[in-house]
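K.L.:
One structure coming up, written as structure tokens, with questions to follow.
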Amino acid sequence: MKRYSIVRAGNEYIVQADEKSIMRVSSRRKAVKLVNDAAGLLDQAPSPDEAPSIACDHQEVP
């Protein structure tokens, strides 16, 4: 899992993943929401063993 942080730069906030800047936003509230959303999505992501298949289910297709 990545380590997220928020850094203030003048009137803007920079969202960082590990040590890399990934997004610049105008409000701290938006920055916090982005970090929370990203962390939630990473928690939901299936492991590579559980990755969904894109193969067609022939039982469902007439």
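All residue names refer to the structure tokens as shown: chains lettered A, B, ... in order, residues numbered from 1 in each chain, ligands numbered from 1 in order.
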What lies within 12 Å of A:Leu42 using only C-alpha atoms, ignoring chain neighbours under 6 positions off, as a list in words?
P.N.:
Met1, Lys2, Arg3, Tyr4, Val35 and Asn36 of chain A
K.L.:
Name all residues at most 12 Å from A:Arg29 (count only C-alpha atoms; drop same-chain ones fewer than 2 positions away) and give them as a short mmCIF file (atom, residue, chain, number, x, y, z; two decimals) with C-alpha atoms, in the first residue's frame.
P.N.:
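Wrote it out as out-v1.cif, contents follow:
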data_model
loop_
_atom_site.label_atom_id
_atom_site.label_comp_id
_atom_site.auth_asym_id
_atom_site.auth_seq_id
_atom_site.Cartn_x
_atom_site.Cartn_y
_atom_site.Cartn_z
CA ILE A 6 -0.59 16.34 1.89
CA GLU A 12 -2.47 25.10 -2.85
CA TYR A 13 -2.11 21.59 -1.47
CA ILE A 14 -0.11 18.83 -3.10
CA VAL A 15 -1.21 15.22 -2.64
CA VAL A 25 -5.65 21.01 -5.46
CA SER A 26 -6.89 24.33 -4.13
CA SER A 27 -8.39 23.20 -0.81
CA ALA A 31 -6.93 16.87 -0.72
CA VAL A 32 -8.12 14.89 2.32
CA LYS A 33 -11.06 13.49 0.34
CA LEU A 34 -8.74 12.36 -2.47
CA VAL A 35 -6.43 10.58 -0.03
CA ASN A 36 -9.36 8.86 1.68
#
K.L.:
Between atom CA of A:Lys30 and atom CA of A:Val7, what is the distance in Å, rounded to a tenth?
P.N.:
12.7 Å
